[in-house]
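Visitor: Data file my_file.json (JSON, C-alpha atoms) is appended below.
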```
[["chain", "number", "residue", "atom", "x", "y", "z"],
["A", 542, "VAL", "CA", -19.08, 4.16, 5.24],
["A", 543, "ASN", "CA", -16.57, 3.26, 7.98],
["A", 544, "VAL", "CA", -13.35, 4.52, 6.38],
["A", 545, "HIS", "CA", -10.89, 3.63, 9.12],
["A", 546, "GLN", "CA", -10.70, -0.11, 8.56],
["A", 547, "ARG", "CA", -7.52, -2.11, 8.25],
["A", 548, "ALA", "CA", -6.72, -3.91, 5.01],
["A", 549, "LYS", "CA", -8.70, -7.13, 4.79],
["A", 550, "VAL", "CA", -10.47, -9.60, 2.53],
["A", 551, "GLU", "CA", -13.94, -10.92, 3.31],
["A", 552, "ALA", "CA", -15.37, -13.76, 1.22],
["A", 553, "TYR", "CA", -19.09, -13.96, 0.52],
["A", 554, "ASP", "CA", -21.02, -16.41, -1.64],
["A", 555, "ASP", "CA", -20.98, -14.33, -4.81],
["A", 556, "HIS", "CA", -18.27, -11.69, -4.20],
["A", 557, "LEU", "CA", -15.13, -10.74, -2.33],
["A", 558, "PHE", "CA", -14.95, -7.53, -0.31],
["A", 559, "ILE", "CA", -11.40, -6.13, -0.19],
["A", 560, "VAL", "CA", -10.26, -3.13, 1.84],
["A", 561, "VAL", "CA", -6.84, -1.49, 1.43],
["A", 562, "ARG", "CA", -5.24, 1.85, 2.30],
["A", 563, "MET", "CA", -3.86, 4.02, -0.48],
["A", 564, "VAL", "CA", -1.02, 6.33, 0.63],
["A", 565, "SER", "CA", 0.59, 9.47, -0.71],
["A", 566, "ILE", "CA", 3.07, 11.96, 0.63],
["A", 567, "ASN", "CA", 3.53, 15.65, 0.01],
["A", 568, "ALA", "CA", 4.40, 17.71, 3.05],
["A", 569, "GLU", "CA", 2.68, 15.08, 5.21],
["A", 570, "LEU", "CA", 1.81, 11.41, 4.89],
["A", 571, "SER", "CA", -1.83, 10.87, 4.01],
["A", 572, "SER", "CA", -3.91, 7.78, 3.37],
["A", 573, "GLU", "CA", -7.38, 6.89, 2.31],
["A", 574, "GLN", "CA", -9.43, 3.74, 2.51],
["A", 575, "VAL", "CA", -10.24, 2.02, -0.75],
["A", 576, "SER", "CA", -12.90, -0.69, -0.90],
["A", 577, "LEU", "CA", -13.24, -3.17, -3.75],
["A", 578, "PHE", "CA", -16.07, -5.55, -4.48],
["A", 579, "LEU", "CA", -14.95, -8.36, -6.79],
["A", 580, "GLY", "CA", -17.82, -10.19, -8.48],
["A", 581, "ALA", "CA", -17.97, -12.78, -11.23],
["A", 582, "LYS", "CA", -18.30, -10.11, -13.92],
["A", 583, "CYS", "CA", -17.35, -6.83, -12.26],
["A", 584, "VAL", "CA", -15.14, -4.86, -9.92],
["A", 585, "VAL", "CA", -16.67, -1.97, -8.00],
["A", 586, "THR", "CA", -14.41, 0.42, -6.08],
["A", 587, "PHE", "CA", -15.06, 3.15, -3.54],
["A", 588, "GLN", "CA", -12.52, 5.77, -2.50],
["A", 589, "GLU", "CA", -12.49, 8.62, -0.03],
["A", 590, "GLY", "CA", -11.11, 10.88, -2.73],
["A", 591, "ILE", "CA", -7.43, 11.89, -2.59],
["A", 592, "PRO", "CA", -6.84, 13.64, -5.93],
["A", 593, "GLY", "CA", -4.11, 12.19, -8.13],
["A", 594, "ASP", "CA", -4.31, 8.62, -6.93],
["A", 595, "CYS", "CA", -2.14, 5.70, -8.06],
["A", 596, "TRP", "CA", -4.83, 4.24, -10.35],
["A", 597, "GLU", "CA", -4.54, 6.78, -13.17],
["A", 598, "SER", "CA", -2.37, 4.49, -15.32],
["A", 599, "ILE", "CA", -4.92, 1.69, -14.90],
["A", 600, "ARG", "CA", -7.74, 4.01, -15.94],
["A", 601, "GLU", "CA", -5.74, 4.96, -19.05],
["A", 602, "ARG", "CA", -5.06, 1.31, -19.94],
["A", 603, "LEU", "CA", -8.76, 0.55, -19.56],
["A", 604, "LYS", "CA", -9.74, 3.50, -21.78],
["A", 605, "LYS", "CA", -7.22, 2.52, -24.46],
["A", 606, "GLY", "CA", -7.78, -1.23, -24.18],
["A", 607, "LEU", "CA", -4.10, -1.86, -23.47],
["A", 608, "GLY", "CA", -2.60, -4.87, -21.73],
["A", 609, "ARG", "CA", -4.32, -7.76, -20.02],
["A", 610, "ILE", "CA", -6.78, -5.68, -18.02],
["A", 611, "ARG", "CA", -9.37, -5.46, -20.80],
["A", 612, "HIS", "CA", -8.98, -9.09, -21.84],
["A", 613, "GLN", "CA", -8.67, -10.90, -18.53],
["A", 614, "GLY", "CA", -11.40, -11.34, -15.94],
["A", 615, "PRO", "CA", -12.38, -8.99, -13.16],
["A", 616, "ASP", "CA", -10.00, -10.79, -10.80],
["A", 617, "HIS", "CA", -7.08, -9.55, -12.90],
["A", 618, "LEU", "CA", -8.40, -5.98, -12.70],
["A", 619, "ALA", "CA", -8.71, -6.36, -8.91],
["A", 620, "TYR", "CA", -5.13, -7.64, -8.81],
["A", 621, "ALA", "CA", -3.92, -4.65, -10.91],
["A", 622, "LEU", "CA", -5.67, -2.22, -8.56],
["A", 623, "LEU", "CA", -4.19, -3.90, -5.46],
["A", 624, "ASP", "CA", -0.74, -4.01, -7.02],
["A", 625, "ALA", "CA", -0.91, -0.28, -7.82],
["A", 626, "VAL", "CA", -1.91, 0.51, -4.23],
["A", 627, "ILE", "CA", 0.94, -1.54, -2.79],
["A", 628, "ASP", "CA", 3.50, -0.23, -5.31],
["A", 629, "ALA", "CA", 2.51, 3.34, -4.36],
["A", 630, "TYR", "CA", 4.12, 2.71, -0.96],
["A", 631, "PHE", "CA", 7.60, 2.55, -2.56],
["A", 632, "PRO", "CA", 7.88, 6.28, -3.40],
["A", 633, "VAL", "CA", 6.45, 7.15, 0.02],
["A", 634, "LEU", "CA", 9.12, 5.07, 1.75],
["A", 635, "GLU", "CA", 11.76, 6.55, -0.55],
["A", 636, "SER", "CA", 10.65, 10.06, 0.43],
["A", 637, "LEU", "CA", 10.81, 9.20, 4.13],
["A", 638, "GLY", "CA", 14.25, 7.63, 3.62],
["A", 639, "GLU", "CA", 15.41, 10.86, 1.96],
["A", 640, "ARG", "CA", 14.11, 12.84, 4.94],
["A", 641, "ILE", "CA", 16.09, 10.58, 7.27],
["A", 642, "ASP", "CA", 19.22, 11.15, 5.16],
["A", 643, "GLN", "CA", 18.70, 14.93, 5.25],
["A", 644, "ILE", "CA", 18.32, 14.85, 9.03],
["A", 645, "GLU", "CA", 21.47, 12.75, 9.31],
["A", 646, "GLU", "CA", 23.39, 15.30, 7.20],
["A", 647, "ARG", "CA", 22.18, 18.08, 9.49],
["A", 648, "VAL", "CA", 23.30, 16.10, 12.54],
["A", 649, "MET", "CA", 26.74, 15.57, 11.01],
["A", 650, "ALA", "CA", 26.95, 19.27, 10.16],
["A", 651, "GLY", "CA", 26.25, 20.11, 13.80],
["A", 652, "ALA", "CA", 22.79, 21.59, 13.30],
["A", 653, "LYS", "CA", 21.03, 20.45, 16.50],
["A", 654, "ARG", "CA", 18.03, 22.74, 16.43],
["A", 655, "GLN", "CA", 14.70, 21.08, 15.59],
["A", 656, "LEU", "CA", 16.39, 17.74, 14.80],
["A", 657, "ILE", "CA", 14.79, 15.70, 17.55],
["A", 658, "ALA", "CA", 11.32, 16.91, 16.53],
["A", 659, "ASP", "CA", 12.08, 16.15, 12.86],
["A", 660, "ILE", "CA", 13.30, 12.65, 13.71],
["A", 661, "HIS", "CA", 10.20, 11.94, 15.79],
["A", 662, "HIS", "CA", 7.96, 13.23, 13.00],
["A", 663, "VAL", "CA", 9.52, 10.89, 10.43],
["A", 664, "ARG", "CA", 9.40, 7.97, 12.89],
["A", 665, "ARG", "CA", 5.70, 8.65, 13.48],
["A", 666, "GLU", "CA", 5.04, 8.51, 9.74],
["A", 667, "LEU", "CA", 7.06, 5.31, 9.42],
["A", 668, "LEU", "CA", 5.10, 3.75, 12.28],
["A", 669, "ILE", "CA", 1.85, 4.68, 10.51],
["A", 670, "LEU", "CA", 3.14, 2.99, 7.36],
["A", 671, "ARG", "CA", 4.13, -0.13, 9.29],
["A", 672, "ARG", "CA", 0.66, -0.35, 10.87],
["A", 673, "THR", "CA", -0.88, 0.10, 7.42],
["A", 674, "LEU", "CA", 1.36, -2.37, 5.58],
["A", 675, "TRP", "CA", 0.99, -5.32, 7.95],
["A", 676, "PRO", "CA", -2.72, -5.84, 7.19],
["A", 677, "HIS", "CA", -2.07, -5.42, 3.44],
["A", 678, "ARG", "CA", 0.31, -8.34, 3.58],
["A", 679, "GLU", "CA", -2.31, -10.39, 5.41],
["A", 680, "ALA", "CA", -5.08, -9.40, 2.95],
["A", 681, "VAL", "CA", -3.03, -10.35, -0.12],
["A", 682, "ASN", "CA", -1.98, -13.56, 1.61],
["A", 683, "ALA", "CA", -5.66, -14.37, 2.20],
["A", 684, "LEU", "CA", -6.33, -13.97, -1.53],
["A", 685, "LEU", "CA", -3.46, -16.38, -2.23],
["A", 686, "ARG", "CA", -4.23, -18.89, 0.51],
["A", 687, "ASP", "CA", -8.03, -19.08, 0.49],
["A", 688, "GLU", "CA", -9.16, -20.40, -2.85],
["A", 689, "HIS", "CA", -12.22, -18.59, -4.12],
["A", 690, "PRO", "CA", -13.92, -19.22, -7.47],
["A", 691, "LEU", "CA", -13.65, -15.51, -8.30],
["A", 692, "VAL", "CA", -9.82, -15.57, -8.26],
["A", 693, "THR", "CA", -8.22, -17.68, -10.98],
["A", 694, "ALA", "CA", -4.96, -19.59, -10.64],
["A", 695, "GLU", "CA", -3.37, -17.22, -13.18],
["A", 696, "THR", "CA", -4.29, -14.19, -11.07],
["A", 697, "ARG", "CA", -2.91, -15.91, -7.96],
["A", 698, "THR", "CA", 0.44, -16.01, -9.76],
["A", 699, "PHE", "CA", 0.32, -12.22, -10.12],
["A", 700, "LEU", "CA", -0.83, -11.83, -6.52],
["A", 701, "ARG", "CA", 2.37, -13.57, -5.37],
["A", 702, "ASP", "CA", 4.28, -10.61, -6.81],
["A", 703, "CYS", "CA", 1.97, -8.26, -4.92],
["A", 704, "TYR", "CA", 2.61, -10.25, -1.72],
["A", 705, "ASP", "CA", 6.39, -10.09, -2.29],
["A", 706, "HIS", "CA", 6.16, -6.31, -2.70],
["A", 707, "ALA", "CA", 4.23, -6.01, 0.57],
["A", 708, "ILE", "CA", 6.95, -7.99, 2.37],
["A", 709, "GLN", "CA", 9.67, -5.88, 0.74],
["A", 710, "LEU", "CA", 7.90, -2.70, 1.84],
["A", 711, "MET", "CA", 7.67, -3.95, 5.42],
["A", 712, "GLU", "CA", 11.40, -4.76, 5.41],
["A", 713, "VAL", "CA", 12.31, -1.29, 4.08],
["A", 714, "THR", "CA", 10.02, 0.31, 6.68],
["A", 715, "GLU", "CA", 11.72, -1.65, 9.47],
["A", 716, "LEU", "CA", 15.14, -0.67, 8.09],
["A", 717, "HIS", "CA", 14.18, 3.03, 8.08],
["A", 718, "LEU", "CA", 12.70, 2.75, 11.57],
["A", 719, "GLY", "CA", 15.95, 1.26, 12.87],
["A", 720, "HIS", "CA", 17.97, 3.97, 11.12],
["A", 721, "SER", "CA", 15.81, 6.80, 12.45],
["A", 722, "LYS", "CA", 15.96, 5.33, 15.97],
["A", 723, "GLN", "CA", 19.77, 5.36, 15.87],
["A", 724, "GLN", "CA", 19.75, 9.03, 14.86],
["A", 725, "ALA", "CA", 17.47, 9.96, 17.72],
["A", 726, "TYR", "CA", 20.00, 8.73, 20.25]]
```
Let me see whether you can do it: turn the structure in this file into structure tokens.

Guide:
Amino acid sequence: VNVHQRAKVEAYDDHLFIVVRMVSINAELSSEQVSLFLGAKCVVTFQEGIPGDCWESIRERLKKGLGRIRHQGPDHLAYALLDAVIDAYFPVLESLGERIDQIEERVMAGAKRQLIADIHHVRRELLILRRTLWPHREAVNALLRDEHPLVTAETRTFLRDCYDHAIQLMEVTELHLGHSKQQAY
């Protein structure tokens, strides 16, 4: 019930408890906590409830029996869910990068009004993403590093890709933060 936790993995005797933050962006950046319980024969998820989440394609594949999700173990489903959450950060960062570019164009065009506030707003959202991404990287790394009987070696291979995406997202976030900082001065 505590929905303001950082991304983490907790190992128990018969299950793993995984917490991540799912993000989306419309006019504002928003996030929700997602909790996963990975057991020997099941995955149970809990969400706060942002409509139109990043798991819709996974739900469709499950309904239609497509891909590995139906035929692999629950650890592969947990991986697919985590991967979708992490991959959903890419369009959010792209949107923030576009905002930075628009602000830069306005600066070059001489439009000074409201620019400082706009730059600070985007920087605030990027800082939120950075604080959210760091624990995701650590959580996925824990799934890779700490062997648990519920996570197969095959799924660990897929989790490496998830880990690489988390690192890539952190690098892009840092790049945008540096770019927005230059514009502010």

Visitor: Pick out the closest residue to His689 of chain A from this set: A:Glu573, A:Asp594, A:Asp616, A:Ile599. Count all atoms listed in the file.

Guide: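 Checking each candidate against His689 of chain A, we get A:Asp616 as the closest.
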
Visitor: Show me, as a PyMOL selection string, the residues that have an atom within 7 Å of segment 581-588 of chain A when counting only C-alpha atoms, minus same-chain residues fewer than 3 positions from it.

Guide: chain A and resi 574-578+615+619+691

Visitor: Generate the output file for the selected residues, C-alpha atoms, as an mmCIF file, in the coordinates of the input.

Guide:
```cif
data_model
loop_
_atom_site.group_PDB
_atom_site.id
_atom_site.type_symbol
_atom_site.label_atom_id
_atom_site.label_comp_id
_atom_site.auth_asym_id
_atom_site.auth_seq_id
_atom_site.Cartn_x
_atom_site.Cartn_y
_atom_site.Cartn_z
ATOM 1 C CA GLN A 574 -9.430 3.740 2.510
ATOM 2 C CA VAL A 575 -10.240 2.020 -0.750
ATOM 3 C CA SER A 576 -12.900 -0.690 -0.900
ATOM 4 C CA LEU A 577 -13.240 -3.170 -3.750
ATOM 5 C CA PHE A 578 -16.070 -5.550 -4.480
ATOM 6 C CA PRO A 615 -12.380 -8.990 -13.160
ATOM 7 C CA ALA A 619 -8.710 -6.360 -8.910
ATOM 8 C CA LEU A 691 -13.650 -15.510 -8.300
#
```

Visitor: Any idea what the distance is between atom CA of Tyr704 of chain A and atom CA of Leu685 of chain A?

Guide: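 If I compute the distance from atom CA of Tyr704 of chain A to atom CA of Leu685 of chain A, I get 8.6 Å.
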
Visitor: Could you check the closest approach to Leu718 of chain A for each of A:Glu666, A:Asp555, A:Asp702, A:Glu679 and tell me which residue wins, using all atoms listed in the file?

Guide: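 Of all the options, A:Glu666 lies closest to Leu718 of chain A.
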
Visitor: Find the residue from A:Gly651, A:Ile657, A:Leu684, A:Val713 that sits nearest to Leu557 of chain A; use only C-alpha atoms when measuring.

Guide: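 Nearest to Leu557 of chain A: A:Leu684.
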
Visitor: Up to 6 Å from (17.7, 14.7, 13.7) in the file's coordinates: name the residues, counting all atoms listed in the file, as a ChimeraX atom specification.

Guide: /A:644,648,656-657,659-660

Visitor: So how many Å separate atom CA of Arg671 of chain A and atom CA of Glu715 of chain A, to one decimal?

Guide: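 So the two atoms, atom CA of Arg671 of chain A and atom CA of Glu715 of chain A, lie 7.7 Å apart.
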
Visitor: Would you mind telling me which residue in A:His617, A:Arg647, A:Arg547, A:Arg640 lies nearest to His662 of chain A when using all atoms listed in the file?

Guide: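 Selected residue with least distance to His662 of chain A: A:Arg640.
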
Visitor: Write only C-alpha atoms for segment 578-706 of chain A from the block just shown, as a PDB file, in the first residue's frame.

Guide:
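Saved file decode_15.pdb follows:
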```pdb
ATOM      1  CA  PHE A 578       5.428 -10.841  -7.126  1.00  0.00           C
ATOM      2  CA  LEU A 579       7.318 -13.551  -9.018  1.00  0.00           C
ATOM      3  CA  GLY A 580       6.554 -17.078  -7.820  1.00  0.00           C
ATOM      4  CA  ALA A 581       7.436 -20.508  -9.151  1.00  0.00           C
ATOM      5  CA  LYS A 582       4.237 -20.680 -11.207  1.00  0.00           C
ATOM      6  CA  CYS A 583       2.856 -17.150 -11.301  1.00  0.00           C
ATOM      7  CA  VAL A 584       3.401 -13.428 -11.614  1.00  0.00           C
ATOM      8  CA  VAL A 585       1.083 -11.104  -9.708  1.00  0.00           C
ATOM      9  CA  THR A 586       1.176  -7.362 -10.414  1.00  0.00           C
ATOM     10  CA  PHE A 587      -0.319  -4.349  -8.679  1.00  0.00           C
ATOM     11  CA  GLN A 588      -0.568  -0.885 -10.223  1.00  0.00           C
ATOM     12  CA  GLU A 589      -1.817   2.471  -9.041  1.00  0.00           C
ATOM     13  CA  GLY A 590      -3.793   2.814 -12.250  1.00  0.00           C
ATOM     14  CA  ILE A 591      -2.546   5.216 -14.934  1.00  0.00           C
ATOM     15  CA  PRO A 592      -4.790   4.467 -17.929  1.00  0.00           C
ATOM     16  CA  GLY A 593      -3.037   3.413 -21.130  1.00  0.00           C
ATOM     17  CA  ASP A 594       0.022   1.852 -19.567  1.00  0.00           C
ATOM     18  CA  CYS A 595       2.986   0.302 -21.380  1.00  0.00           C
ATOM     19  CA  TRP A 596       1.818  -3.286 -20.783  1.00  0.00           C
ATOM     20  CA  GLU A 597      -0.993  -3.348 -23.343  1.00  0.00           C
ATOM     21  CA  SER A 598       1.114  -5.149 -25.966  1.00  0.00           C
ATOM     22  CA  ILE A 599       2.046  -7.800 -23.390  1.00  0.00           C
ATOM     23  CA  ARG A 600      -1.613  -8.297 -22.495  1.00  0.00           C
ATOM     24  CA  GLU A 601      -2.407  -8.755 -26.191  1.00  0.00           C
ATOM     25  CA  ARG A 602       0.410 -11.290 -26.665  1.00  0.00           C
ATOM     26  CA  LEU A 603      -0.856 -13.223 -23.646  1.00  0.00           C
ATOM     27  CA  LYS A 604      -4.435 -13.222 -24.966  1.00  0.00           C
ATOM     28  CA  LYS A 605      -3.329 -14.371 -28.421  1.00  0.00           C
ATOM     29  CA  GLY A 606      -0.673 -16.810 -27.194  1.00  0.00           C
ATOM     30  CA  LEU A 607       2.033 -15.066 -29.227  1.00  0.00           C
ATOM     31  CA  GLY A 608       5.771 -15.163 -28.590  1.00  0.00           C
ATOM     32  CA  ARG A 609       7.675 -16.673 -25.709  1.00  0.00           C
ATOM     33  CA  ILE A 610       5.513 -15.236 -22.953  1.00  0.00           C
ATOM     34  CA  ARG A 611       2.945 -18.042 -23.040  1.00  0.00           C
ATOM     35  CA  HIS A 612       5.526 -20.792 -23.411  1.00  0.00           C
ATOM     36  CA  GLN A 613       8.289 -19.691 -21.065  1.00  0.00           C
ATOM     37  CA  GLY A 614       8.120 -19.580 -17.282  1.00  0.00           C
ATOM     38  CA  PRO A 615       6.822 -16.794 -15.087  1.00  0.00           C
ATOM     39  CA  ASP A 616      10.338 -15.345 -14.863  1.00  0.00           C
ATOM     40  CA  HIS A 617      10.181 -14.559 -18.580  1.00  0.00           C
ATOM     41  CA  LEU A 618       6.833 -12.806 -18.112  1.00  0.00           C
ATOM     42  CA  ALA A 619       8.340 -10.787 -15.246  1.00  0.00           C
ATOM     43  CA  TYR A 620      11.270  -9.884 -17.506  1.00  0.00           C
ATOM     44  CA  ALA A 621       8.868  -8.794 -20.303  1.00  0.00           C
ATOM     45  CA  LEU A 622       6.945  -6.581 -17.872  1.00  0.00           C
ATOM     46  CA  LEU A 623      10.152  -4.999 -16.517  1.00  0.00           C
ATOM     47  CA  ASP A 624      11.506  -4.480 -20.023  1.00  0.00           C
ATOM     48  CA  ALA A 625       8.283  -2.730 -21.083  1.00  0.00           C
ATOM     49  CA  VAL A 626       8.465  -0.427 -18.052  1.00  0.00           C
ATOM     50  CA  ILE A 627      12.084   0.506 -18.750  1.00  0.00           C
ATOM     51  CA  ASP A 628      11.525   0.902 -22.506  1.00  0.00           C
ATOM     52  CA  ALA A 629       8.621   3.284 -21.765  1.00  0.00           C
ATOM     53  CA  TYR A 630      11.213   5.777 -20.485  1.00  0.00           C
ATOM     54  CA  PHE A 631      12.608   6.258 -24.020  1.00  0.00           C
ATOM     55  CA  PRO A 632       9.614   8.186 -25.431  1.00  0.00           C
ATOM     56  CA  VAL A 633       9.437  10.237 -22.223  1.00  0.00           C
ATOM     57  CA  LEU A 634      13.080  11.253 -22.586  1.00  0.00           C
ATOM     58  CA  GLU A 635      12.520  11.934 -26.284  1.00  0.00           C
ATOM     59  CA  SER A 636       9.619  14.235 -25.424  1.00  0.00           C
ATOM     60  CA  LEU A 637      11.717  16.113 -22.871  1.00  0.00           C
ATOM     61  CA  GLY A 638      14.561  16.379 -25.393  1.00  0.00           C
ATOM     62  CA  GLU A 639      12.119  17.885 -27.898  1.00  0.00           C
ATOM     63  CA  ARG A 640      11.007  20.413 -25.279  1.00  0.00           C
ATOM     64  CA  ILE A 641      14.643  21.379 -24.710  1.00  0.00           C
ATOM     65  CA  ASP A 642      15.107  21.826 -28.473  1.00  0.00           C
ATOM     66  CA  GLN A 643      11.988  24.015 -28.684  1.00  0.00           C
ATOM     67  CA  ILE A 644      13.228  26.183 -25.821  1.00  0.00           C
ATOM     68  CA  GLU A 645      16.612  26.481 -27.514  1.00  0.00           C
ATOM     69  CA  GLU A 646      14.924  27.622 -30.753  1.00  0.00           C
ATOM     70  CA  ARG A 647      13.001  30.259 -28.802  1.00  0.00           C
ATOM     71  CA  VAL A 648      16.231  31.456 -27.185  1.00  0.00           C
ATOM     72  CA  MET A 649      17.905  31.725 -30.579  1.00  0.00           C
ATOM     73  CA  ALA A 650      14.891  33.605 -31.941  1.00  0.00           C
ATOM     74  CA  GLY A 651      15.207  36.111 -29.097  1.00  0.00           C
ATOM     75  CA  ALA A 652      12.053  35.135 -27.230  1.00  0.00           C
ATOM     76  CA  LYS A 653      13.155  35.646 -23.608  1.00  0.00           C
ATOM     77  CA  ARG A 654       9.786  35.657 -21.907  1.00  0.00           C
ATOM     78  CA  GLN A 655       8.965  32.566 -19.833  1.00  0.00           C
ATOM     79  CA  LEU A 656      12.118  30.753 -21.007  1.00  0.00           C
ATOM     80  CA  ILE A 657      13.824  30.478 -17.642  1.00  0.00           C
ATOM     81  CA  ALA A 658      10.676  29.008 -16.076  1.00  0.00           C
ATOM     82  CA  ASP A 659      10.318  26.562 -18.990  1.00  0.00           C
ATOM     83  CA  ILE A 660      13.942  25.464 -18.690  1.00  0.00           C
ATOM     84  CA  HIS A 661      13.590  24.923 -14.947  1.00  0.00           C
ATOM     85  CA  HIS A 662      10.386  22.944 -15.473  1.00  0.00           C
ATOM     86  CA  VAL A 663      12.061  20.561 -17.943  1.00  0.00           C
ATOM     87  CA  ARG A 664      15.118  20.240 -15.681  1.00  0.00           C
ATOM     88  CA  ARG A 665      12.842  19.344 -12.754  1.00  0.00           C
ATOM     89  CA  GLU A 666      11.219  16.591 -14.814  1.00  0.00           C
ATOM     90  CA  LEU A 667      14.623  15.305 -15.932  1.00  0.00           C
ATOM     91  CA  LEU A 668      15.810  15.243 -12.321  1.00  0.00           C
ATOM     92  CA  ILE A 669      12.720  13.223 -11.376  1.00  0.00           C
ATOM     93  CA  LEU A 670      13.533  10.762 -14.157  1.00  0.00           C
ATOM     94  CA  ARG A 671      17.149  10.490 -13.013  1.00  0.00           C
ATOM     95  CA  ARG A 672      16.047   9.762  -9.429  1.00  0.00           C
ATOM     96  CA  THR A 673      13.612   7.156 -10.768  1.00  0.00           C
ATOM     97  CA  LEU A 674      16.013   5.474 -13.197  1.00  0.00           C
ATOM     98  CA  TRP A 675      18.924   4.951 -10.814  1.00  0.00           C
ATOM     99  CA  PRO A 676      17.063   2.452  -8.602  1.00  0.00           C
ATOM    100  CA  HIS A 677      15.716   0.648 -11.698  1.00  0.00           C
ATOM    101  CA  ARG A 678      19.259  -0.013 -12.797  1.00  0.00           C
ATOM    102  CA  GLU A 679      20.089  -1.333  -9.343  1.00  0.00           C
ATOM    103  CA  ALA A 680      16.959  -3.540  -9.219  1.00  0.00           C
ATOM    104  CA  VAL A 681      17.650  -5.134 -12.608  1.00  0.00           C
ATOM    105  CA  ASN A 682      21.294  -5.567 -11.630  1.00  0.00           C
ATOM    106  CA  ALA A 683      20.158  -7.388  -8.474  1.00  0.00           C
ATOM    107  CA  LEU A 684      18.125  -9.793 -10.611  1.00  0.00           C
ATOM    108  CA  LEU A 685      21.234 -10.434 -12.716  1.00  0.00           C
ATOM    109  CA  ARG A 686      23.738 -10.622  -9.880  1.00  0.00           C
ATOM    110  CA  ASP A 687      21.849 -12.492  -7.153  1.00  0.00           C
ATOM    111  CA  GLU A 688      21.021 -15.950  -8.403  1.00  0.00           C
ATOM    112  CA  HIS A 689      17.543 -17.021  -7.407  1.00  0.00           C
ATOM    113  CA  PRO A 690      15.882 -20.302  -8.378  1.00  0.00           C
ATOM    114  CA  LEU A 691      12.894 -18.385  -9.767  1.00  0.00           C
ATOM    115  CA  VAL A 692      14.999 -16.646 -12.448  1.00  0.00           C
ATOM    116  CA  THR A 693      16.465 -18.952 -15.086  1.00  0.00           C
ATOM    117  CA  ALA A 694      19.790 -18.442 -16.846  1.00  0.00           C
ATOM    118  CA  GLU A 695      17.898 -17.839 -20.108  1.00  0.00           C
ATOM    119  CA  THR A 696      15.869 -15.032 -18.536  1.00  0.00           C
ATOM    120  CA  ARG A 697      19.067 -13.512 -17.100  1.00  0.00           C
ATOM    121  CA  THR A 698      20.267 -13.177 -20.694  1.00  0.00           C
ATOM    122  CA  PHE A 699      17.182 -11.092 -21.496  1.00  0.00           C
ATOM    123  CA  LEU A 700      17.602  -9.099 -18.283  1.00  0.00           C
ATOM    124  CA  ARG A 701      21.056  -8.003 -19.481  1.00  0.00           C
ATOM    125  CA  ASP A 702      19.296  -6.181 -22.327  1.00  0.00           C
ATOM    126  CA  CYS A 703      16.963  -4.571 -19.797  1.00  0.00           C
ATOM    127  CA  TYR A 704      19.996  -3.496 -17.729  1.00  0.00           C
ATOM    128  CA  ASP A 705      21.683  -2.032 -20.835  1.00  0.00           C
ATOM    129  CA  HIS A 706      18.534  -0.035 -21.594  1.00  0.00           C
TER     130      HIS A 706
END
```
